[in-house]
Each structure stands twice: as structure tokens, then as C-alpha cells.
>>> print(open('protein.cif').read())   # mmCIF, C-alpha atoms; chains and numbers go by the auth columns
data_my_file
#
loop_
_atom_site.group_PDB
_atom_site.id
_atom_site.type_symbol
_atom_site.label_atom_id
_atom_site.label_comp_id
_atom_site.label_asym_id
_atom_site.label_seq_id
_atom_site.Cartn_x
_atom_site.Cartn_y
_atom_site.Cartn_z
_atom_site.B_iso_or_equiv
_atom_site.auth_seq_id
_atom_site.auth_asym_id
ATOM 1 C CA MET A 1 0.000 0.000 0.000 0.00 287 A
ATOM 2 C CA SER A 2 1.363 3.434 -0.922 0.00 288 A
ATOM 3 C CA GLU A 3 1.847 6.001 1.799 0.00 289 A
ATOM 4 C CA SER A 4 -0.901 8.479 2.645 0.00 290 A
ATOM 5 C CA LYS A 5 -0.219 12.005 1.443 0.00 291 A
ATOM 6 C CA LEU A 6 -2.563 13.457 4.033 0.00 292 A
ATOM 7 C CA ALA A 7 -0.902 11.527 6.852 0.00 293 A
ATOM 8 C CA ALA A 8 2.450 12.921 5.752 0.00 294 A
ATOM 9 C CA GLN A 9 0.945 16.410 5.606 0.00 295 A
ATOM 10 C CA PHE A 10 -0.266 16.074 9.179 0.00 296 A
ATOM 11 C CA PHE A 11 3.197 15.094 10.372 0.00 297 A
ATOM 12 C CA ASP A 12 4.664 18.057 8.509 0.00 298 A
ATOM 13 C CA ALA A 13 2.110 20.425 10.019 0.00 299 A
ATOM 14 C CA ALA A 14 2.705 19.096 13.542 0.00 300 A
ATOM 15 C CA ILE A 15 6.482 19.292 13.127 0.00 301 A
ATOM 16 C CA GLY A 16 6.151 22.857 11.878 0.00 302 A
ATOM 17 C CA LEU A 17 4.081 23.848 14.901 0.00 303 A
ATOM 18 C CA LEU A 18 6.504 22.141 17.275 0.00 304 A
ATOM 19 C CA ALA A 19 9.387 24.035 15.696 0.00 305 A
ATOM 20 C CA ARG A 20 7.480 27.317 16.111 0.00 306 A
ATOM 21 C CA VAL A 21 6.772 26.814 19.802 0.00 307 A
ATOM 22 C CA ARG A 22 10.350 25.631 20.382 0.00 308 A
ATOM 23 C CA ASP A 23 11.736 28.818 18.857 0.00 309 A
ATOM 24 C CA GLU A 24 9.086 31.419 19.697 0.00 310 A
ATOM 25 C CA GLU A 25 8.103 30.234 23.190 0.00 311 A
ATOM 26 C CA ALA A 26 11.583 29.426 24.493 0.00 312 A
ATOM 27 C CA ALA A 27 11.673 32.305 26.972 0.00 313 A
ATOM 28 C CA SER A 28 8.161 31.580 28.235 0.00 314 A
ATOM 29 C CA VAL A 29 8.925 27.872 28.647 0.00 315 A
ATOM 30 C CA ALA A 30 12.066 28.731 30.613 0.00 316 A
ATOM 31 C CA ALA A 31 10.050 31.099 32.816 0.00 317 A
ATOM 32 C CA ALA A 32 7.385 28.448 33.368 0.00 318 A
ATOM 33 C CA GLY A 33 10.033 25.870 34.246 0.00 319 A
ATOM 34 C CA ALA A 34 11.627 28.274 36.712 0.00 320 A
ATOM 35 C CA ALA A 35 8.224 28.902 38.321 0.00 321 A
ATOM 36 C CA VAL A 36 7.690 25.161 38.732 0.00 322 A
ATOM 37 C CA ALA A 37 11.174 24.815 40.222 0.00 323 A
ATOM 38 C CA ASP A 38 10.539 27.747 42.584 0.00 324 A
ATOM 39 C CA THR A 39 7.348 26.111 43.824 0.00 325 A
ATOM 40 C CA ILE A 40 9.007 22.747 44.387 0.00 326 A
ATOM 41 C CA ALA A 41 11.989 24.309 46.156 0.00 327 A
ATOM 42 C CA ALA A 42 9.703 26.341 48.433 0.00 328 A
ATOM 43 C CA GLY A 43 7.678 23.289 49.484 0.00 329 A
ATOM 44 C CA GLY A 44 4.623 24.085 47.376 0.00 330 A
ATOM 45 C CA ARG A 45 2.407 21.715 45.436 0.00 331 A
ATOM 46 C CA LEU A 46 1.822 21.452 41.699 0.00 332 A
ATOM 47 C CA PHE A 47 -1.545 21.091 39.970 0.00 333 A
ATOM 48 C CA ALA A 48 -2.675 20.801 36.358 0.00 334 A
ATOM 49 C CA PHE A 49 -6.157 21.405 34.988 0.00 335 A
ATOM 50 C CA GLY A 50 -7.753 21.027 31.599 0.00 336 A
ATOM 51 C CA ALA A 51 -11.316 20.420 30.447 0.00 337 A
ATOM 52 C CA GLY A 52 -12.361 18.162 27.587 0.00 338 A
ATOM 53 C CA HIS A 53 -9.511 17.237 25.294 0.00 339 A
ATOM 54 C CA SER A 54 -7.335 19.853 27.003 0.00 340 A
ATOM 55 C CA SER A 55 -7.324 17.502 29.985 0.00 341 A
ATOM 56 C CA LEU A 56 -5.210 15.045 27.973 0.00 342 A
ATOM 57 C CA ALA A 57 -2.148 17.290 28.197 0.00 343 A
ATOM 58 C CA ALA A 58 -2.796 17.867 31.906 0.00 344 A
ATOM 59 C CA GLN A 59 -2.983 14.138 32.573 0.00 345 A
ATOM 60 C CA ASP A 60 0.191 13.609 30.564 0.00 346 A
ATOM 61 C CA VAL A 61 2.299 15.093 33.374 0.00 347 A
ATOM 62 C CA VAL A 62 0.497 13.388 36.286 0.00 348 A
ATOM 63 C CA TYR A 63 1.832 10.080 37.680 0.00 349 A
ATOM 64 C CA ARG A 64 4.018 9.703 34.616 0.00 350 A
ATOM 65 C CA ALA A 65 7.312 7.821 34.281 0.00 351 A
ATOM 66 C CA GLY A 66 9.978 10.460 33.801 0.00 352 A
ATOM 67 C CA GLY A 67 7.632 13.150 35.078 0.00 353 A
ATOM 68 C CA PRO A 68 7.411 15.139 38.308 0.00 354 A
ATOM 69 C CA ALA A 69 5.901 13.142 41.148 0.00 355 A
ATOM 70 C CA LEU A 70 4.451 16.322 42.655 0.00 356 A
ATOM 71 C CA MET A 71 2.109 17.154 39.753 0.00 357 A
ATOM 72 C CA ASN A 72 -1.519 16.527 40.719 0.00 358 A
ATOM 73 C CA LEU A 73 -4.573 16.595 38.481 0.00 359 A
ATOM 74 C CA LEU A 74 -7.086 19.231 39.554 0.00 360 A
ATOM 75 C CA ALA A 75 -10.161 17.453 38.283 0.00 361 A
ATOM 76 C CA VAL A 76 -13.581 19.011 37.805 0.00 362 A
ATOM 77 C CA PRO A 77 -16.126 16.163 37.723 0.00 363 A
ATOM 78 C CA GLY A 78 -17.774 15.786 34.354 0.00 364 A
ATOM 79 C CA THR A 79 -15.162 17.773 32.445 0.00 365 A
ATOM 80 C CA VAL A 80 -12.228 15.369 32.336 0.00 366 A
ATOM 81 C CA GLY A 81 -12.328 13.684 28.943 0.00 367 A
ATOM 82 C CA VAL A 82 -15.361 12.143 27.306 0.00 368 A
ATOM 83 C CA ASP A 83 -16.390 9.754 30.077 0.00 369 A
ATOM 84 C CA VAL A 84 -19.735 11.445 30.744 0.00 370 A
ATOM 85 C CA MET A 85 -23.026 10.812 28.979 0.00 371 A
ATOM 86 C CA PRO A 86 -23.881 12.642 26.874 0.00 372 A
ATOM 87 C CA ALA A 87 -20.388 13.776 25.937 0.00 373 A
ATOM 88 C CA THR A 88 -21.727 17.261 25.279 0.00 374 A
ATOM 89 C CA LEU A 89 -22.342 17.645 29.026 0.00 375 A
ATOM 90 C CA GLY A 90 -18.628 18.245 29.535 0.00 376 A
ATOM 91 C CA SER A 91 -18.680 21.158 27.102 0.00 377 A
ATOM 92 C CA ALA A 92 -21.765 22.582 28.796 0.00 378 A
ATOM 93 C CA LEU A 93 -20.121 22.443 32.218 0.00 379 A
ATOM 94 C CA GLU A 94 -17.255 24.579 30.916 0.00 380 A
ATOM 95 C CA ARG A 95 -19.743 27.466 30.700 0.00 381 A
ATOM 96 C CA VAL A 96 -21.151 27.217 34.234 0.00 382 A
ATOM 97 C CA GLU A 97 -20.402 30.217 36.422 0.00 383 A
ATOM 98 C CA GLY A 98 -19.142 29.437 39.916 0.00 384 A
ATOM 99 C CA LEU A 99 -18.002 25.888 39.194 0.00 385 A
ATOM 100 C CA ALA A 100 -14.294 26.697 39.223 0.00 386 A
ATOM 101 C CA THR A 101 -14.626 28.656 42.456 0.00 387 A
ATOM 102 C CA THR A 102 -16.441 25.758 44.112 0.00 388 A
ATOM 103 C CA VAL A 103 -13.737 23.308 43.027 0.00 389 A
ATOM 104 C CA LEU A 104 -10.945 25.520 44.347 0.00 390 A
ATOM 105 C CA GLU A 105 -12.728 26.056 47.663 0.00 391 A
ATOM 106 C CA ALA A 106 -13.179 22.290 48.132 0.00 392 A
ATOM 107 C CA GLY A 107 -9.742 21.248 46.869 0.00 393 A
ATOM 108 C CA PRO A 108 -6.245 21.190 48.387 0.00 394 A
ATOM 109 C CA ALA A 109 -4.622 23.922 46.258 0.00 395 A
ATOM 110 C CA THR A 110 -3.635 26.935 48.326 0.00 396 A
ATOM 111 C CA ALA A 111 -1.391 29.995 48.405 0.00 397 A
ATOM 112 C CA GLY A 112 2.165 29.182 47.369 0.00 398 A
ATOM 113 C CA ASP A 113 1.094 26.367 45.057 0.00 399 A
ATOM 114 C CA LEU A 114 1.252 26.411 41.261 0.00 400 A
ATOM 115 C CA LEU A 115 -1.544 25.623 38.828 0.00 401 A
ATOM 116 C CA VAL A 116 -1.161 24.975 35.107 0.00 402 A
ATOM 117 C CA ILE A 117 -4.416 25.640 33.267 0.00 403 A
ATOM 118 C CA ILE A 118 -4.761 24.261 29.756 0.00 404 A
ATOM 119 C CA SER A 119 -7.453 25.555 27.426 0.00 405 A
ATOM 120 C CA LEU A 120 -7.022 25.747 23.669 0.00 406 A
ATOM 121 C CA SER A 121 -9.488 28.599 23.170 0.00 407 A
ATOM 122 C CA GLY A 122 -9.182 30.077 26.643 0.00 408 A
ATOM 123 C CA ARG A 123 -12.622 31.633 26.168 0.00 409 A
ATOM 124 C CA ASN A 124 -14.922 29.474 28.294 0.00 410 A
ATOM 125 C CA THR A 125 -16.047 30.352 31.799 0.00 411 A
ATOM 126 C CA LEU A 126 -14.360 27.440 33.569 0.00 412 A
ATOM 127 C CA PRO A 127 -10.686 28.102 32.670 0.00 413 A
ATOM 128 C CA VAL A 128 -11.095 31.888 32.897 0.00 414 A
ATOM 129 C CA GLU A 129 -12.692 31.703 36.342 0.00 415 A
ATOM 130 C CA MET A 130 -10.216 29.043 37.448 0.00 416 A
ATOM 131 C CA ALA A 131 -7.256 31.274 36.595 0.00 417 A
ATOM 132 C CA ARG A 132 -8.761 34.415 38.109 0.00 418 A
ATOM 133 C CA GLU A 133 -9.765 32.741 41.364 0.00 419 A
ATOM 134 C CA ALA A 134 -6.521 30.770 41.699 0.00 420 A
ATOM 135 C CA ARG A 135 -4.441 33.935 41.436 0.00 421 A
ATOM 136 C CA ALA A 136 -6.696 35.658 43.953 0.00 422 A
ATOM 137 C CA ARG A 137 -5.901 32.797 46.343 0.00 423 A
ATOM 138 C CA GLY A 138 -2.162 33.278 45.950 0.00 424 A
ATOM 139 C CA LEU A 139 -1.371 30.532 43.442 0.00 425 A
ATOM 140 C CA THR A 140 1.031 31.002 40.563 0.00 426 A
ATOM 141 C CA VAL A 141 -0.902 30.367 37.347 0.00 427 A
ATOM 142 C CA ILE A 142 0.589 29.184 34.061 0.00 428 A
ATOM 143 C CA GLY A 143 -1.796 29.230 31.109 0.00 429 A
ATOM 144 C CA VAL A 144 -1.325 27.035 28.051 0.00 430 A
ATOM 145 C CA THR A 145 -3.559 28.316 25.269 0.00 431 A
ATOM 146 C CA SER A 146 -3.740 29.571 21.714 0.00 432 A
ATOM 147 C CA VAL A 147 -3.373 33.332 21.652 0.00 433 A
ATOM 148 C CA ALA A 148 -5.007 33.382 18.224 0.00 434 A
ATOM 149 C CA TYR A 149 -8.404 32.656 19.773 0.00 435 A
ATOM 150 C CA ALA A 150 -8.333 35.830 21.847 0.00 436 A
ATOM 151 C CA ALA A 151 -7.990 37.864 18.665 0.00 437 A
ATOM 152 C CA ALA A 152 -10.598 35.995 16.625 0.00 438 A
ATOM 153 C CA THR A 153 -13.344 35.014 19.097 0.00 439 A
ATOM 154 C CA SER A 154 -15.296 36.526 21.977 0.00 440 A
ATOM 155 C CA SER A 155 -15.095 35.525 25.622 0.00 441 A
ATOM 156 C CA ARG A 156 -17.868 33.371 27.070 0.00 442 A
ATOM 157 C CA ALA A 157 -17.021 34.302 30.657 0.00 443 A
ATOM 158 C CA ALA A 158 -19.482 36.678 32.305 0.00 444 A
ATOM 159 C CA SER A 159 -16.582 38.692 33.662 0.00 445 A
ATOM 160 C CA GLY A 160 -15.084 38.964 30.180 0.00 446 A
ATOM 161 C CA GLY A 161 -11.544 38.250 29.201 0.00 447 A
ATOM 162 C CA PHE A 162 -9.674 35.109 28.250 0.00 448 A
ATOM 163 C CA LEU A 163 -7.472 32.666 30.121 0.00 449 A
ATOM 164 C CA LEU A 164 -4.388 34.564 29.001 0.00 450 A
ATOM 165 C CA ASP A 165 -5.664 37.672 30.811 0.00 451 A
ATOM 166 C CA HIS A 166 -5.460 35.999 34.225 0.00 452 A
ATOM 167 C CA CYS A 167 -2.102 34.180 34.141 0.00 453 A
ATOM 168 C CA ASP A 168 1.358 34.915 35.493 0.00 454 A
ATOM 169 C CA ILE A 169 2.926 33.121 32.515 0.00 455 A
ATOM 170 C CA VAL A 170 1.335 32.250 29.162 0.00 456 A
ATOM 171 C CA LEU A 171 2.523 29.522 26.795 0.00 457 A
ATOM 172 C CA ASP A 172 1.136 30.015 23.288 0.00 458 A
ATOM 173 C CA SER A 173 0.523 26.777 21.397 0.00 459 A
ATOM 174 C CA LYS A 174 0.250 28.669 18.056 0.00 460 A
ATOM 175 C CA ILE A 175 -2.758 26.532 17.114 0.00 461 A
ATOM 176 C CA ALA A 176 -5.061 28.218 14.589 0.00 462 A
ATOM 177 C CA VAL A 177 -8.715 28.817 15.421 0.00 463 A
ATOM 178 C CA GLY A 178 -10.586 25.568 14.819 0.00 464 A
ATOM 179 C CA ASP A 179 -7.579 23.355 15.680 0.00 465 A
ATOM 180 C CA ALA A 180 -7.717 21.064 12.624 0.00 466 A
ATOM 181 C CA VAL A 181 -4.750 21.531 10.300 0.00 467 A
ATOM 182 C CA LEU A 182 -5.868 19.734 7.112 0.00 468 A
ATOM 183 C CA THR A 183 -8.479 20.170 4.397 0.00 469 A
ATOM 184 C CA ALA A 184 -9.059 18.022 1.332 0.00 470 A
ATOM 185 C CA PRO A 185 -11.426 17.720 -1.629 0.00 471 A
ATOM 186 C CA GLY A 186 -14.410 15.583 -0.737 0.00 472 A
ATOM 187 C CA VAL A 187 -14.001 16.187 2.994 0.00 473 A
ATOM 188 C CA GLY A 188 -16.540 18.720 4.213 0.00 474 A
ATOM 189 C CA ALA A 189 -14.877 19.766 7.451 0.00 475 A
ATOM 190 C CA PRO A 190 -11.273 20.593 8.370 0.00 476 A
ATOM 191 C CA PHE A 191 -9.661 17.610 10.102 0.00 477 A
ATOM 192 C CA ALA A 192 -6.549 16.335 11.920 0.00 478 A
ATOM 193 C CA PRO A 193 -6.345 18.501 15.068 0.00 479 A
ATOM 194 C CA ALA A 194 -2.827 19.190 16.306 0.00 480 A
ATOM 195 C CA SER A 195 -3.436 20.836 19.674 0.00 481 A
ATOM 196 C CA THR A 196 -2.844 17.700 21.766 0.00 482 A
ATOM 197 C CA VAL A 197 0.545 17.044 20.163 0.00 483 A
ATOM 198 C CA VAL A 198 1.740 20.609 20.620 0.00 484 A
ATOM 199 C CA THR A 199 0.245 21.244 24.063 0.00 485 A
ATOM 200 C CA SER A 200 1.646 18.006 25.472 0.00 486 A
ATOM 201 C CA ALA A 201 5.051 18.963 24.070 0.00 487 A
ATOM 202 C CA LEU A 202 4.829 22.354 25.798 0.00 488 A
ATOM 203 C CA MET A 203 3.985 20.647 29.073 0.00 489 A
ATOM 204 C CA GLN A 204 6.865 18.192 28.820 0.00 490 A
ATOM 205 C CA ALA A 205 9.269 20.959 27.771 0.00 491 A
ATOM 206 C CA THR A 206 8.242 22.959 30.831 0.00 492 A
ATOM 207 C CA MET A 207 8.854 19.977 33.104 0.00 493 A
ATOM 208 C CA ALA A 208 12.251 19.463 31.475 0.00 494 A
ATOM 209 C CA ALA A 209 13.113 23.111 32.094 0.00 495 A
ATOM 210 C CA ALA A 210 12.049 22.721 35.724 0.00 496 A
ATOM 211 C CA ALA A 211 14.259 19.656 36.183 0.00 497 A
ATOM 212 C CA GLU A 212 17.178 21.546 34.650 0.00 498 A
ATOM 213 C CA GLU A 213 16.616 24.505 36.968 0.00 499 A
ATOM 214 C CA LEU A 214 16.356 22.340 40.084 0.00 500 A
ATOM 215 C CA ALA A 215 19.511 20.424 39.218 0.00 501 A
ATOM 216 C CA ALA A 216 21.354 23.725 38.707 0.00 502 A
ATOM 217 C CA ARG A 217 20.346 24.689 42.261 0.00 503 A
ATOM 218 C CA GLY A 218 21.622 21.403 43.647 0.00 504 A
ATOM 219 C CA ILE A 219 18.119 20.034 44.254 0.00 505 A
ATOM 220 C CA GLU A 220 17.265 16.564 42.984 0.00 506 A
ATOM 221 C CA PRO A 221 14.075 16.819 40.907 0.00 507 A
ATOM 222 C CA PRO A 222 11.391 14.550 42.430 0.00 508 A
ATOM 223 C CA LEU A 223 10.823 12.466 39.318 0.00 509 A
ATOM 224 C CA LEU A 224 9.148 9.108 38.874 0.00 510 A
ATOM 225 C CA ARG A 225 10.672 6.098 37.141 0.00 511 A
ATOM 226 C CA SER A 226 8.874 3.543 35.019 0.00 512 A
ATOM 227 C CA GLY A 227 7.412 0.681 37.001 0.00 513 A
ATOM 228 C CA ASN A 228 8.395 -1.577 34.107 0.00 514 A
ATOM 229 C CA VAL A 229 12.139 -1.245 34.667 0.00 515 A
ATOM 230 C CA ASP A 230 14.053 -2.999 37.438 0.00 516 A
ATOM 231 C CA GLY A 231 14.104 -0.907 40.595 0.00 517 A
ATOM 232 C CA GLY A 232 11.363 1.414 39.366 0.00 518 A
ATOM 233 C CA HIS A 233 8.813 0.560 42.045 0.00 519 A
ATOM 234 C CA GLU A 234 11.378 0.897 44.815 0.00 520 A
ATOM 235 C CA TRP A 235 12.465 4.303 43.501 0.00 521 A
ATOM 236 C CA ASN A 236 8.876 5.502 43.281 0.00 522 A
ATOM 237 C CA ARG A 237 7.992 4.302 46.779 0.00 523 A
ATOM 238 C CA ARG A 238 10.848 6.392 48.140 0.00 524 A
ATOM 239 C CA VAL A 239 9.775 9.476 46.195 0.00 525 A
ATOM 240 C CA PHE A 240 6.150 9.020 47.297 0.00 526 A
ATOM 241 C CA GLU A 241 7.142 8.682 50.944 0.00 527 A
ATOM 242 C CA GLU A 242 9.462 11.692 50.884 0.00 528 A
ATOM 243 C CA ASN A 243 6.769 13.871 49.309 0.00 529 A
ATOM 244 C CA ARG A 244 3.570 12.322 50.630 0.00 530 A
ATOM 245 C CA ASP A 245 2.175 15.663 51.848 0.00 531 A
ATOM 246 C CA ARG A 246 2.358 17.051 48.307 0.00 532 A
ATOM 247 C CA ILE A 247 1.039 14.069 46.303 0.00 533 A
ATOM 248 C CA PHE A 248 -2.739 13.729 46.464 0.00 534 A
ATOM 249 C CA TYR A 249 -3.367 11.000 43.884 0.00 535 A
ATOM 250 C CA GLN A 250 -1.458 8.498 46.042 0.00 536 A
ATOM 251 C CA HIS A 251 -3.748 8.654 49.096 0.00 537 A
#
>>> encode(input="protein.cif", output="C-alpha cells")
Amino acid sequence: MSESKLAAQFFDAAIGLLARVRDEEAASVAAAGAAVADTIAAGGRLFAFGAGHSSLAAQDVVYRAGGPALMNLLAVPGTVGVDVMPATLGSALERVEGLATTVLEAGPATAGDLLVIISLSGRNTLPVEMAREARARGLTVIGVTSVAYAAATSSRAASGGFLLDHCDIVLDSKIAVGDAVLTAPGVGAPFAPASTVVTSALMQATMAAAAEELAARGIEPPLLRSGNVDGGHEWNRRVFEENRDRIFYQH
């Protein structure tokens, strides 16, 4: 079977976007990594939040081999993935006023902690309110979003504004409005979204920058090893025990 031209085009598009964020977001990634390192060094906790498919990149740095053991998922029930019925309920919940505030009030995140909020459009109530309220509570907020949406769409938050308006650091994924990167004759809608590839890369790059910064300060980054390599479970048990007051998914 001959190779697919459209598949190759998707790879090219994704590689092009990755190269853009590598080059254009380098300073922001370094700043985000330093903020993560600052939080770890000061005894704070790390949290990641994303709704819908944006939650995939948040989950990618939680309980992950080679990732920071201290990163916790800040989950909002009904918005993590497509595990609710109907699936459209998750999208509807992103527009509910007060939900983010309720989650923060009930959760463990507090002043001195750091929260990464991932939202491709950054226009819905949930991520906007989450960022605004988290900062008001003394958390450092890193937003991972597409700046293009703020220029081409309107905010859905009652207070106005986008995610990027309420963050200490913004990482721009460079994803175009609509996400999908391909079109073709005979295909009615644009297809092949690239946001997950690029956003996950930004998250992993930030964690790499944080590890680099911690090592430069003489602090061993609290990373997890794969449980499928010899000694991995023993390593992880030690890391969990040393940091048990900052790891919430383990209890």
C-alpha cells in the first residue's frame, strides 16, 4: 500500500508547529520551568487542569514515568475527557459560572502552590474563572492556550476576558482557530487537530526546564521512574514517601 499524502501532511504540520513553539516560546517555557522549580523548592504543590480534550495534556504530566511526582490533576467532575453521557455535558459544564470557584474552595490547592491551566481557546467560563480565582488565592498560574483565539473570538465568561488575561505566565501553542490543520477535496470539514501534540510537548518541555533549573540549584528533581524497569517501584515508593504531603493522587 502506498503512503498516505494526508498523513504525511499532518506530520509536517505538527512538526512545523513544534518548531514554532520551540523557537518562539523558548523564553516563556524557561520562565514556566523556573516557576515550577521555585514552587518545588519552596515546598509548594503542583496542579494541572484542563477540560475536555485539554485535559489530555494535563494528565500527561500526572503520575508519569519520567515526570514530576508532585504534579496533581485538579479534576472538575464531568469535564475530564469524554467519560460522561452525553459527551456534550462536559462542554456545557465549561460554561457554568461558579463551578471553578467551588472546586478551588473544596480542593487542596492553596497559596504558594502552582496551577497549570490548559485551554485551547481560553474563552470558556471554567478556565477563565479558574485562573482568576486561583491567582486571587495566591497561586502562581501558568496558562497554556492559543493566543489566536483571543484575537478571533469573543469571551464566554461573564466577567469577560480570556485565560491569558489571568495568568502569570502564558505559553502560546500557536494553534489556529478551529484546531484542525488539514483540508481536502471531498471532505466537508477541516480535520486532523494538532493541539494535543503541541500542548503536550509544551507541558513536557516545561517539566524538562524545571528539572534543569532544580539540578542547577543542587536540588534533585522529584521524578518518577517507570514501574516496568528494574528498581522502578522501589524508587517511586521512596519518592512518594518523601513527598507524601504534596502528592494527592497516592492517598
>>> resolve_selection(input="protein.cif", expression="the PyMOL selection byres ((chain A and resi 501-510) around 9)", output="list of chain:residue names")
A:Ala323, A:Ile326, A:Ala327, A:Tyr349, A:Arg350, A:Ala351, A:Gly352, A:Gly353, A:Pro354, A:Ala355, A:Leu356, A:Ala496, A:Ala497, A:Glu498, A:Glu499, A:Leu500, A:Arg511, A:Ser512, A:Gly513, A:Gly518, A:Trp521, A:Asn522, A:Val525, A:Phe526, A:Asn529
>>> write_last_selection(input="protein.cif", atoms="C-alpha atoms", output="compact mmCIF listing (two decimals), keeping the file's coordinate frame")
# COMPACT_ATOMS: atom_id res chain seq x y z
CA ALA A 323 11.17 24.82 40.22
CA ILE A 326 9.01 22.75 44.39
CA ALA A 327 11.99 24.31 46.16
CA TYR A 349 1.83 10.08 37.68
CA ARG A 350 4.02 9.70 34.62
CA ALA A 351 7.31 7.82 34.28
CA GLY A 352 9.98 10.46 33.80
CA GLY A 353 7.63 13.15 35.08
CA PRO A 354 7.41 15.14 38.31
CA ALA A 355 5.90 13.14 41.15
CA LEU A 356 4.45 16.32 42.66
CA ALA A 496 12.05 22.72 35.72
CA ALA A 497 14.26 19.66 36.18
CA GLU A 498 17.18 21.55 34.65
CA GLU A 499 16.62 24.50 36.97
CA LEU A 500 16.36 22.34 40.08
CA ARG A 511 10.67 6.10 37.14
CA SER A 512 8.87 3.54 35.02
CA GLY A 513 7.41 0.68 37.00
CA GLY A 518 11.36 1.41 39.37
CA TRP A 521 12.46 4.30 43.50
CA ASN A 522 8.88 5.50 43.28
CA VAL A 525 9.78 9.48 46.20
CA PHE A 526 6.15 9.02 47.30
CA ASN A 529 6.77 13.87 49.31
>>> residues_around(input="protein.cif", residues="A:Gly393", least_positions_apart="5", cutoff="10 Å", atoms="all atoms listed in the file", output="ChimeraX atom specification")
/A:360-361,387-388
>>> closest_residue(input="protein.cif", among="A:Ala337, A:Leu342, A:Leu401, A:Ala438", to="A:Ser377", atoms="only C-alpha atoms")
A:Ala337
>>> closest_residue(input="protein.cif", among="A:Ala320, A:Val463, A:His452, A:Thr411", to="A:Val433", atoms="only C-alpha atoms")
A:Val463
>>> atom_distance(input="protein.cif", atom1="atom CA of A:Tyr535", atom2="atom CA of A:Pro413")
21.7 Å
>>> closest_atom_pairs(input="protein.cif", of="stretch 389-472 of chain A", to="stretch 288-304 of chain A", cutoff="9 Å", atoms="all atoms listed in the file", output="tab-separated table")
residue	atom	partner	partner_atom	distance
A:Ser459	CA	A:Leu303	CA	8.0
A:Lys460	CA	A:Leu303	CA	6.9
A:Ile461	CA	A:Leu303	CA	7.7
A:Val467	CA	A:Ala299	CA	7.0
A:Leu468	CA	A:Phe296	CA	7.0
A:Thr469	CA	A:Leu292	CA	9.0
A:Ala470	CA	A:Leu292	CA	8.4
>>> residues_around(input="protein.cif", residues="A:Met416", least_positions_apart="2", cutoff="8 Å", atoms="only C-alpha atoms", output="short mmCIF file (atom, residue, chain, number, x, y, z; two decimals) with C-alpha atoms, in the frame of the given file")
data_model
loop_
_atom_site.label_atom_id
_atom_site.label_comp_id
_atom_site.auth_asym_id
_atom_site.auth_seq_id
_atom_site.Cartn_x
_atom_site.Cartn_y
_atom_site.Cartn_z
CA ALA A 386 -14.29 26.70 39.22
CA THR A 387 -14.63 28.66 42.46
CA LEU A 390 -10.94 25.52 44.35
CA ILE A 403 -4.42 25.64 33.27
CA LEU A 412 -14.36 27.44 33.57
CA PRO A 413 -10.69 28.10 32.67
CA VAL A 414 -11.10 31.89 32.90
CA ARG A 418 -8.76 34.42 38.11
CA GLU A 419 -9.76 32.74 41.36
CA ALA A 420 -6.52 30.77 41.70
#
>>> resolve_selection(input="protein.cif", expression="the PyMOL selection byres ((chain A and resi 366) around 8)", output="PyMOL selection string")
chain A and resi 336-339+341+361-365+367-369+376
>>> write_last_selection(input="protein.cif", atoms="C-alpha atoms", output="mmCIF file, in the frame of the given file")
data_model
loop_
_atom_site.group_PDB
_atom_site.id
_atom_site.type_symbol
_atom_site.label_atom_id
_atom_site.label_comp_id
_atom_site.auth_asym_id
_atom_site.auth_seq_id
_atom_site.Cartn_x
_atom_site.Cartn_y
_atom_site.Cartn_z
ATOM 1 C CA GLY A 336 -7.753 21.027 31.599
ATOM 2 C CA ALA A 337 -11.316 20.420 30.447
ATOM 3 C CA GLY A 338 -12.361 18.162 27.587
ATOM 4 C CA HIS A 339 -9.511 17.237 25.294
ATOM 5 C CA SER A 341 -7.324 17.502 29.985
ATOM 6 C CA ALA A 361 -10.161 17.453 38.283
ATOM 7 C CA VAL A 362 -13.581 19.011 37.805
ATOM 8 C CA PRO A 363 -16.126 16.163 37.723
ATOM 9 C CA GLY A 364 -17.774 15.786 34.354
ATOM 10 C CA THR A 365 -15.162 17.773 32.445
ATOM 11 C CA GLY A 367 -12.328 13.684 28.943
ATOM 12 C CA VAL A 368 -15.361 12.143 27.306
ATOM 13 C CA ASP A 369 -16.390 9.754 30.077
ATOM 14 C CA GLY A 376 -18.628 18.245 29.535
#
>>> decode(input="protein.cif", residues="stretch 524-535 of chain A", atoms="N, CA and C atoms", output="PDB file, in the first residue's frame")
ATOM      1  N   ARG A 524      10.046   5.429  47.383  1.00  0.00           N
ATOM      2  CA  ARG A 524      10.848   6.392  48.140  1.00  0.00           C
ATOM      3  C   ARG A 524      10.398   7.820  47.842  1.00  0.00           C
ATOM      4  N   VAL A 525      10.198   8.124  46.576  1.00  0.00           N
ATOM      5  CA  VAL A 525       9.775   9.476  46.195  1.00  0.00           C
ATOM      6  C   VAL A 525       8.400   9.791  46.782  1.00  0.00           C
ATOM      7  N   PHE A 526       7.486   8.815  46.736  1.00  0.00           N
ATOM      8  CA  PHE A 526       6.150   9.020  47.297  1.00  0.00           C
ATOM      9  C   PHE A 526       6.228   9.298  48.800  1.00  0.00           C
ATOM     10  N   GLU A 527       7.046   8.528  49.496  1.00  0.00           N
ATOM     11  CA  GLU A 527       7.142   8.682  50.944  1.00  0.00           C
ATOM     12  C   GLU A 527       7.769  10.021  51.317  1.00  0.00           C
ATOM     13  N   GLU A 528       8.782  10.430  50.589  1.00  0.00           N
ATOM     14  CA  GLU A 528       9.462  11.692  50.884  1.00  0.00           C
ATOM     15  C   GLU A 528       8.579  12.902  50.604  1.00  0.00           C
ATOM     16  N   ASN A 529       7.593  12.737  49.727  1.00  0.00           N
ATOM     17  CA  ASN A 529       6.769  13.871  49.309  1.00  0.00           C
ATOM     18  C   ASN A 529       5.282  13.624  49.525  1.00  0.00           C
ATOM     19  N   ARG A 530       4.948  12.761  50.484  1.00  0.00           N
ATOM     20  CA  ARG A 530       3.570  12.322  50.630  1.00  0.00           C
ATOM     21  C   ARG A 530       2.610  13.471  50.920  1.00  0.00           C
ATOM     22  N   ASP A 531       3.070  14.555  51.544  1.00  0.00           N
ATOM     23  CA  ASP A 531       2.175  15.663  51.848  1.00  0.00           C
ATOM     24  C   ASP A 531       1.899  16.550  50.634  1.00  0.00           C
ATOM     25  N   ARG A 532       2.557  16.236  49.510  1.00  0.00           N
ATOM     26  CA  ARG A 532       2.358  17.051  48.307  1.00  0.00           C
ATOM     27  C   ARG A 532       1.819  16.230  47.134  1.00  0.00           C
ATOM     28  N   ILE A 533       1.547  14.955  47.358  1.00  0.00           N
ATOM     29  CA  ILE A 533       1.039  14.069  46.303  1.00  0.00           C
ATOM     30  C   ILE A 533      -0.338  13.571  46.731  1.00  0.00           C
ATOM     31  N   PHE A 534      -1.374  14.024  46.035  1.00  0.00           N
ATOM     32  CA  PHE A 534      -2.739  13.729  46.464  1.00  0.00           C
ATOM     33  C   PHE A 534      -3.346  12.523  45.752  1.00  0.00           C
ATOM     34  N   TYR A 535      -2.803  12.142  44.611  1.00  0.00           N
ATOM     35  CA  TYR A 535      -3.367  11.000  43.884  1.00  0.00           C
ATOM     36  C   TYR A 535      -2.919   9.681  44.491  1.00  0.00           C
TER      37      TYR A 535
END
